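> Dumping the structure here so I can ask a few things about it.
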Amino acid sequence: MADLTNLSEEAQSLSRVPLFKRLDAQELEHLAQEVDQVNYKAGDTIFHEHDRGDALYIVEEGRVRIWVMDEDVHEVTLAELNPGDFFGELAVLDRGERSSSATAITDIHLHRLSSDDFQKFLIDHPDASVDVICEIAARMRQTNLLVTQRASKNINVEMEQKATLGQRVADKVAAFGGSWTFIFIYSSFLIVWMIVNTFVLYYLGHGENGAQFDPYPYILLNLMLSMTAAMQAPIIMMSQNRAAEKDRLAAEQDFKVNLKSELMLEELVRKQRERDAQIDHLNGALAALQTTLERQDATRSN
Amino acid sequence: MTRNPATTERLRNFIARIDSLTKSGELHWERQAGSAHRYARLNDNLLILGPATPLSDTQVPRYLFITPFASPDCVEINSDDAELGSAVMQLVMLVEEQSKHEPATDPFAVTDQLIERLESM
């Protein structure tokens, strides 16, 4: 930890940032000369998604919201940053576009470090690079968590991810057992079995039934059919249970989204009615004002 | 999915707050007709207790779903959650008790208000 007593105000401020905790007094002073101090009011945008990334920001005071627009043009908050946190590092590292937007939640004071200075700082301080990597990894975890919690989940994907091997096999068996391919293959097998036993093997071998191993009425074949049916029924039921569970989850998901939309629409209609009432009131006031002005004009002209 | 202890604690506190608001009657839960769903508005958030399956079917886990109206984000806590499951079940029972005398919301009900509106067309 650096001795803070003789440091400039900027260097003291930087020494409180976790990213710079390993710097000595001289390095802090040197860094303070490279860093700009910037202020934003609550609600101000610091940068937009797709802007060119030219600097890293460190929060000294206040709170910052990092957000992106999703496919439905809704703002999705990725993180809310507090003093000591930094942001804008991705675009600075790969010199690409900003991957998200940043807005000030409260009035904020930031340290701004240009791309070149930040990269030079990382090269000079490999231990700080590790801190930056750890922070990026933590944010990736946070983003993954957020993505899995979005309202519009894909039930099919979720069910597939949760399915056990037995359930996957049951689905495959049910899908194959309920297809024309299965009916054709099984019918062909039955016909071949009967023809072979009735005609082909009858003329081979010796004795009354020739070489027939399952003569008419095909008792062995019947036994096999019964066993197949007995095994297939519970497997298909397992698959149907899964399909029913999937339907239940999909219905629940629809309910949540529909209810939210319905209540939001109710709120919008209520606000619209309030606006209409306000407009009527203003129109009335305007008409009264106009009448008063006309009367004043008439009085003056008389 | 792993959840850090701080988040778990914040969620536990939030559920406790919903519990206390429900007990004091400040949080009004609506009852869905023909379903075990209950829902309430808390500031600008929608809270849903589900699923539709009756509470008597103990095999199906219950959930508390929280979503802000202003954003598509959401949090869902299930009764089979190792840490928060019991708090969710406690809330489910409390809401069930509080809302049992509530008139059920039925979007397909023929109400006097609806008939009056149709007649005035």
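Chain lettering (A, B, ...) mirrors the order of the structure tokens, residue numbering begins at 1 for each chain separately, and ligand numbering begins at 1 in order of display.
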Quick one: residues within 12 Å of Leu55 (chain B), only C-alpha atoms counted, chain neighbours fewer than 2 positions away excluded, as a list of chain:residue names?

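So, after excluding close chain neighbours, the residues are B:Ser35, B:Ala36, B:His37, B:Arg38, B:Leu49, B:Gly50, B:Pro51, B:Ala52, B:Thr53, B:Asp57, B:Thr58, B:Gln59, B:Val60, B:Pro61, B:Arg62, B:Tyr63, B:Ser79, B:Met89, B:Val92, B:Met93, B:Val95, B:Glu96, B:Glu97.
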
> Could you save those same residues with N, CA and C atoms as an mmCIF file, in the first residue's frame?


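Once everything was written out, this is part_34.cif:
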```
data_model
loop_
_atom_site.group_PDB
_atom_site.id
_atom_site.type_symbol
_atom_site.label_atom_id
_atom_site.label_comp_id
_atom_site.auth_asym_id
_atom_site.auth_seq_id
_atom_site.Cartn_x
_atom_site.Cartn_y
_atom_site.Cartn_z
ATOM 1 N N SER B 35 -58.018 -21.137 -11.137
ATOM 2 C CA SER B 35 -56.565 -21.354 -11.162
ATOM 3 C C SER B 35 -55.988 -20.996 -9.793
ATOM 4 N N ALA B 36 -54.850 -21.554 -9.488
ATOM 5 C CA ALA B 36 -54.223 -21.231 -8.198
ATOM 6 C C ALA B 36 -53.316 -20.009 -8.310
ATOM 7 N N HIS B 37 -53.344 -19.331 -9.463
ATOM 8 C CA HIS B 37 -52.513 -18.125 -9.618
ATOM 9 C C HIS B 37 -53.005 -16.987 -8.729
ATOM 10 N N ARG B 38 -52.066 -16.271 -8.159
ATOM 11 C CA ARG B 38 -52.374 -15.044 -7.409
ATOM 12 C C ARG B 38 -51.400 -14.002 -7.918
ATOM 13 N N LEU B 49 -47.775 -15.490 -8.045
ATOM 14 C CA LEU B 49 -47.576 -16.772 -7.361
ATOM 15 C C LEU B 49 -48.266 -17.834 -8.189
ATOM 16 N N GLY B 50 -47.602 -18.884 -8.508
ATOM 17 C CA GLY B 50 -48.185 -19.937 -9.347
ATOM 18 C C GLY B 50 -47.624 -21.275 -8.952
ATOM 19 N N PRO B 51 -47.863 -22.321 -9.734
ATOM 20 C CA PRO B 51 -48.553 -22.339 -11.025
ATOM 21 C C PRO B 51 -50.068 -22.473 -10.860
ATOM 22 N N ALA B 52 -50.730 -22.802 -12.000
ATOM 23 C CA ALA B 52 -52.191 -22.926 -11.994
ATOM 24 C C ALA B 52 -52.651 -24.141 -11.194
ATOM 25 N N THR B 53 -51.791 -25.137 -11.075
ATOM 26 C CA THR B 53 -52.121 -26.378 -10.371
ATOM 27 C C THR B 53 -52.536 -26.087 -8.926
ATOM 28 N N ASP B 57 -52.050 -30.351 -4.888
ATOM 29 C CA ASP B 57 -51.105 -31.186 -5.636
ATOM 30 C C ASP B 57 -49.694 -30.808 -5.190
ATOM 31 N N THR B 58 -49.217 -31.514 -4.195
ATOM 32 C CA THR B 58 -47.927 -31.139 -3.589
ATOM 33 C C THR B 58 -46.719 -31.559 -4.431
ATOM 34 N N GLN B 59 -46.971 -32.336 -5.492
ATOM 35 C CA GLN B 59 -45.860 -32.785 -6.350
ATOM 36 C C GLN B 59 -45.317 -31.638 -7.200
ATOM 37 N N VAL B 60 -46.205 -30.682 -7.514
ATOM 38 C CA VAL B 60 -45.795 -29.589 -8.402
ATOM 39 C C VAL B 60 -45.225 -28.437 -7.559
ATOM 40 N N PRO B 61 -43.971 -28.021 -7.838
ATOM 41 C CA PRO B 61 -43.399 -26.916 -7.048
ATOM 42 C C PRO B 61 -44.112 -25.592 -7.325
ATOM 43 N N ARG B 62 -44.234 -24.757 -6.304
ATOM 44 C CA ARG B 62 -44.834 -23.426 -6.466
ATOM 45 C C ARG B 62 -43.713 -22.446 -6.830
ATOM 46 N N TYR B 63 -44.081 -21.302 -7.366
ATOM 47 C CA TYR B 63 -43.058 -20.300 -7.678
ATOM 48 C C TYR B 63 -43.528 -18.895 -7.328
ATOM 49 N N SER B 79 -40.351 -23.188 -4.996
ATOM 50 C CA SER B 79 -40.462 -23.752 -3.647
ATOM 51 C C SER B 79 -39.478 -24.909 -3.455
ATOM 52 N N MET B 89 -42.891 -20.987 0.133
ATOM 53 C CA MET B 89 -44.075 -21.769 0.545
ATOM 54 C C MET B 89 -44.841 -21.046 1.646
ATOM 55 N N VAL B 92 -46.777 -18.392 -0.021
ATOM 56 C CA VAL B 92 -47.911 -18.993 -0.755
ATOM 57 C C VAL B 92 -49.068 -19.250 0.204
ATOM 58 N N MET B 93 -48.765 -19.841 1.348
ATOM 59 C CA MET B 93 -49.809 -20.165 2.338
ATOM 60 C C MET B 93 -50.465 -18.894 2.890
ATOM 61 N N VAL B 95 -50.641 -15.913 1.422
ATOM 62 C CA VAL B 95 -51.454 -15.269 0.377
ATOM 63 C C VAL B 95 -52.754 -16.041 0.182
ATOM 64 N N GLU B 96 -52.659 -17.360 0.228
ATOM 65 C CA GLU B 96 -53.848 -18.202 0.078
ATOM 66 C C GLU B 96 -54.861 -17.870 1.174
ATOM 67 N N GLU B 97 -54.354 -17.720 2.384
ATOM 68 C CA GLU B 97 -55.210 -17.412 3.534
ATOM 69 C C GLU B 97 -55.826 -16.015 3.381
#
```

> Which parts of region 1-116 of chain B does DSSP call strand (DSSP E) when run on the backbone here, written out as number ranges by chain?

B: 30-32, 38-42, 45-50, 63-68, 75-78, 104-105

> B:Ser99, B:Val110, B:His28, B:Leu84: which is nearest Arg10 (chain B), counting only C-alpha atoms?

B:Leu84

> Excluding same-chain residues fewer than 3 positions from region 78-86 of chain A, what lies within 10 Å of it counting only C-alpha atoms, as number ranges by chain?

A: 13-20, 56-68, 75, 89, 100-105, 108-112, 132, 135, 139-140, 142-147

> Can you work out which residues from chain B touch chain A at a cut-off of 12 Å (counting only C-alpha atoms) and hand them back as a ChimeraX atom specification?

/B:1-4,7,30,32,35-41,44-53,60-77,105,107

> Save out the residues we just selected, N, CA and C atoms, as a tab-separated table (two decimals), in the first residue's frame.


```tsv
chain	number	residue	atom	x	y	z
B	1	MET	N	-27.94	-23.67	-11.26
B	1	MET	CA	-27.47	-22.30	-11.31
B	1	MET	C	-27.04	-21.85	-9.92
B	2	THR	N	-25.82	-21.38	-9.78
B	2	THR	CA	-25.34	-20.95	-8.46
B	2	THR	C	-25.76	-19.50	-8.20
B	3	ARG	N	-25.94	-19.21	-6.90
B	3	ARG	CA	-26.35	-17.86	-6.53
B	3	ARG	C	-25.47	-17.46	-5.36
B	4	ASN	N	-24.97	-16.23	-5.39
B	4	ASN	CA	-24.07	-15.89	-4.29
B	4	ASN	C	-24.86	-15.61	-3.02
B	7	THR	N	-26.83	-12.32	-2.68
B	7	THR	CA	-28.07	-12.25	-3.47
B	7	THR	C	-29.18	-13.02	-2.76
B	30	GLU	N	-54.64	-10.51	-6.05
B	30	GLU	CA	-55.87	-10.86	-6.77
B	30	GLU	C	-55.87	-12.35	-7.06
B	32	GLN	N	-57.10	-15.50	-9.36
B	32	GLN	CA	-57.50	-15.83	-10.72
B	32	GLN	C	-58.56	-16.94	-10.66
B	35	SER	N	-58.02	-21.14	-11.14
B	35	SER	CA	-56.57	-21.35	-11.16
B	35	SER	C	-55.99	-21.00	-9.79
B	36	ALA	N	-54.85	-21.55	-9.49
B	36	ALA	CA	-54.22	-21.23	-8.20
B	36	ALA	C	-53.32	-20.01	-8.31
B	37	HIS	N	-53.34	-19.33	-9.46
B	37	HIS	CA	-52.51	-18.12	-9.62
B	37	HIS	C	-53.01	-16.99	-8.73
B	38	ARG	N	-52.07	-16.27	-8.16
B	38	ARG	CA	-52.37	-15.04	-7.41
B	38	ARG	C	-51.40	-14.00	-7.92
B	39	TYR	N	-51.86	-12.77	-8.07
B	39	TYR	CA	-50.92	-11.74	-8.51
B	39	TYR	C	-51.18	-10.42	-7.81
B	40	ALA	N	-50.11	-9.62	-7.74
B	40	ALA	CA	-50.20	-8.33	-7.05
B	40	ALA	C	-49.24	-7.34	-7.72
B	41	ARG	N	-49.55	-6.06	-7.53
B	41	ARG	CA	-48.66	-5.01	-8.04
B	41	ARG	C	-47.96	-4.38	-6.84
B	44	ASP	N	-43.79	-0.55	-9.12
B	44	ASP	CA	-43.92	-0.74	-10.56
B	44	ASP	C	-43.52	-2.17	-10.95
B	45	ASN	N	-43.80	-3.10	-10.03
B	45	ASN	CA	-43.44	-4.51	-10.29
B	45	ASN	C	-44.66	-5.40	-10.24
B	46	LEU	N	-44.61	-6.46	-10.99
B	46	LEU	CA	-45.69	-7.45	-10.96
B	46	LEU	C	-45.19	-8.69	-10.21
B	47	LEU	N	-45.97	-9.12	-9.25
B	47	LEU	CA	-45.63	-10.34	-8.50
B	47	LEU	C	-46.65	-11.40	-8.85
B	48	ILE	N	-46.21	-12.59	-9.19
B	48	ILE	CA	-47.13	-13.69	-9.50
B	48	ILE	C	-46.75	-14.89	-8.64
B	49	LEU	N	-47.78	-15.49	-8.05
B	49	LEU	CA	-47.58	-16.77	-7.36
B	49	LEU	C	-48.27	-17.83	-8.19
B	50	GLY	N	-47.60	-18.88	-8.51
B	50	GLY	CA	-48.19	-19.94	-9.35
B	50	GLY	C	-47.62	-21.28	-8.95
B	51	PRO	N	-47.86	-22.32	-9.73
B	51	PRO	CA	-48.55	-22.34	-11.03
B	51	PRO	C	-50.07	-22.47	-10.86
B	52	ALA	N	-50.73	-22.80	-12.00
B	52	ALA	CA	-52.19	-22.93	-11.99
B	52	ALA	C	-52.65	-24.14	-11.19
B	53	THR	N	-51.79	-25.14	-11.08
B	53	THR	CA	-52.12	-26.38	-10.37
B	53	THR	C	-52.54	-26.09	-8.93
B	60	VAL	N	-46.20	-30.68	-7.51
B	60	VAL	CA	-45.80	-29.59	-8.40
B	60	VAL	C	-45.23	-28.44	-7.56
B	61	PRO	N	-43.97	-28.02	-7.84
B	61	PRO	CA	-43.40	-26.92	-7.05
B	61	PRO	C	-44.11	-25.59	-7.33
B	62	ARG	N	-44.23	-24.76	-6.30
B	62	ARG	CA	-44.83	-23.43	-6.47
B	62	ARG	C	-43.71	-22.45	-6.83
B	63	TYR	N	-44.08	-21.30	-7.37
B	63	TYR	CA	-43.06	-20.30	-7.68
B	63	TYR	C	-43.53	-18.89	-7.33
B	64	LEU	N	-42.58	-18.03	-7.08
B	64	LEU	CA	-42.82	-16.59	-6.95
B	64	LEU	C	-42.06	-15.94	-8.09
B	65	PHE	N	-42.82	-15.23	-8.94
B	65	PHE	CA	-42.24	-14.60	-10.13
B	65	PHE	C	-42.34	-13.09	-9.96
B	66	ILE	N	-41.23	-12.41	-10.09
B	66	ILE	CA	-41.20	-10.95	-9.90
B	66	ILE	C	-40.65	-10.31	-11.17
B	67	THR	N	-41.38	-9.37	-11.72
B	67	THR	CA	-40.89	-8.69	-12.93
B	67	THR	C	-41.29	-7.22	-12.91
B	68	PRO	N	-40.35	-6.33	-13.20
B	68	PRO	CA	-40.73	-4.91	-13.28
B	68	PRO	C	-41.53	-4.66	-14.56
B	69	PHE	N	-42.50	-3.76	-14.51
B	69	PHE	CA	-43.27	-3.45	-15.72
B	69	PHE	C	-42.41	-2.74	-16.75
B	70	ALA	N	-41.39	-2.04	-16.26
B	70	ALA	CA	-40.59	-1.22	-17.17
B	70	ALA	C	-39.45	-1.99	-17.82
B	71	SER	N	-39.37	-3.28	-17.58
B	71	SER	CA	-38.22	-4.02	-18.11
B	71	SER	C	-38.59	-5.50	-18.28
B	72	PRO	N	-37.96	-6.18	-19.23
B	72	PRO	CA	-38.27	-7.61	-19.41
B	72	PRO	C	-37.52	-8.51	-18.42
B	73	ASP	N	-36.73	-7.93	-17.54
B	73	ASP	CA	-36.01	-8.76	-16.55
B	73	ASP	C	-36.99	-9.43	-15.60
B	74	CYS	N	-36.58	-10.51	-15.00
B	74	CYS	CA	-37.46	-11.16	-14.02
B	74	CYS	C	-36.64	-12.03	-13.07
B	75	VAL	N	-37.26	-12.32	-11.95
B	75	VAL	CA	-36.65	-13.24	-10.98
B	75	VAL	C	-37.72	-14.28	-10.66
B	76	GLU	N	-37.34	-15.53	-10.68
B	76	GLU	CA	-38.28	-16.59	-10.32
B	76	GLU	C	-37.66	-17.43	-9.21
B	77	ILE	N	-38.40	-17.59	-8.12
B	77	ILE	CA	-37.90	-18.40	-7.01
B	77	ILE	C	-38.89	-19.53	-6.81
B	105	THR	N	-60.93	-13.07	-10.11
B	105	THR	CA	-60.90	-12.32	-11.37
B	105	THR	C	-61.18	-13.29	-12.51
B	107	PRO	N	-61.80	-13.16	-16.54
B	107	PRO	CA	-61.87	-12.32	-17.74
B	107	PRO	C	-63.06	-12.65	-18.64
```

> So which bits of region 73-109 of chain B end up alpha helix (DSSP H) when you DSSP the backbone, as a list in words?

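Result set for region 73-109 of chain B (alpha helix (DSSP H)): Gly85, Ser86, Ala87, Val88, Met89, Gln90, Leu91, Val92, Met93, Leu94, Val95, Glu96, Glu97, Gln98 and Ser99 of chain B.
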
> How about saving the chosen residues, C-alpha atoms kept, as a PDB file, in the first residue's frame?


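Written output follows (result19.pdb):
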```pdb
ATOM      1  CA  GLY B  85     -38.039 -22.609  -0.956  1.00  0.00           C
ATOM      2  CA  SER B  86     -39.493 -22.562   2.565  1.00  0.00           C
ATOM      3  CA  ALA B  87     -39.904 -18.758   2.473  1.00  0.00           C
ATOM      4  CA  VAL B  88     -41.763 -19.054  -0.841  1.00  0.00           C
ATOM      5  CA  MET B  89     -44.075 -21.769   0.545  1.00  0.00           C
ATOM      6  CA  GLN B  90     -44.730 -19.649   3.638  1.00  0.00           C
ATOM      7  CA  LEU B  91     -45.694 -16.728   1.387  1.00  0.00           C
ATOM      8  CA  VAL B  92     -47.911 -18.993  -0.755  1.00  0.00           C
ATOM      9  CA  MET B  93     -49.809 -20.165   2.338  1.00  0.00           C
ATOM     10  CA  LEU B  94     -50.140 -16.633   3.688  1.00  0.00           C
ATOM     11  CA  VAL B  95     -51.454 -15.269   0.377  1.00  0.00           C
ATOM     12  CA  GLU B  96     -53.848 -18.202   0.078  1.00  0.00           C
ATOM     13  CA  GLU B  97     -55.210 -17.412   3.534  1.00  0.00           C
ATOM     14  CA  GLN B  98     -55.459 -13.673   2.846  1.00  0.00           C
ATOM     15  CA  SER B  99     -57.063 -13.981  -0.589  1.00  0.00           C
TER      16      SER B  99
END
```

> Between A:Gln161, A:Ser239, A:Asn6, A:Asn197, which residue has the minimum interatomic distance to Asp214 (chain A), considering only C-alpha atoms?

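The shortest atom-to-atom distance to Asp214 (chain A) comes from A:Asn197.
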
> Contacts of Leu225 (chain A) at 10 Å or less, counting only C-alpha atoms, minus same-chain residues fewer than 5 places along, as a list in words?

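Skipping anything fewer than 5 positions along the chain leaves Tyr186, Leu190, Ile219, Leu220, Ala230 and Met231 of chain A.
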
> I'd like to know which of B:Ile18, B:Leu27, B:Ala33, B:Leu11 is closest to Ala109 (chain B), using only C-alpha atoms.

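Counting only C-alpha atoms, the residue closest to Ala109 (chain B) is B:Ala33.
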
> Rounded to one decimal place, report the CA of Gln119 (chain A)-CA of Glu29 (chain A) distance in Å.

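Atom-to-atom, CA of Gln119 (chain A) and CA of Glu29 (chain A) are spaced 17.5 Å apart.
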
> Hey, can you check how far CA of Leu21 (chain B) sits from CA of Ser56 (chain B)?

25.3 Å
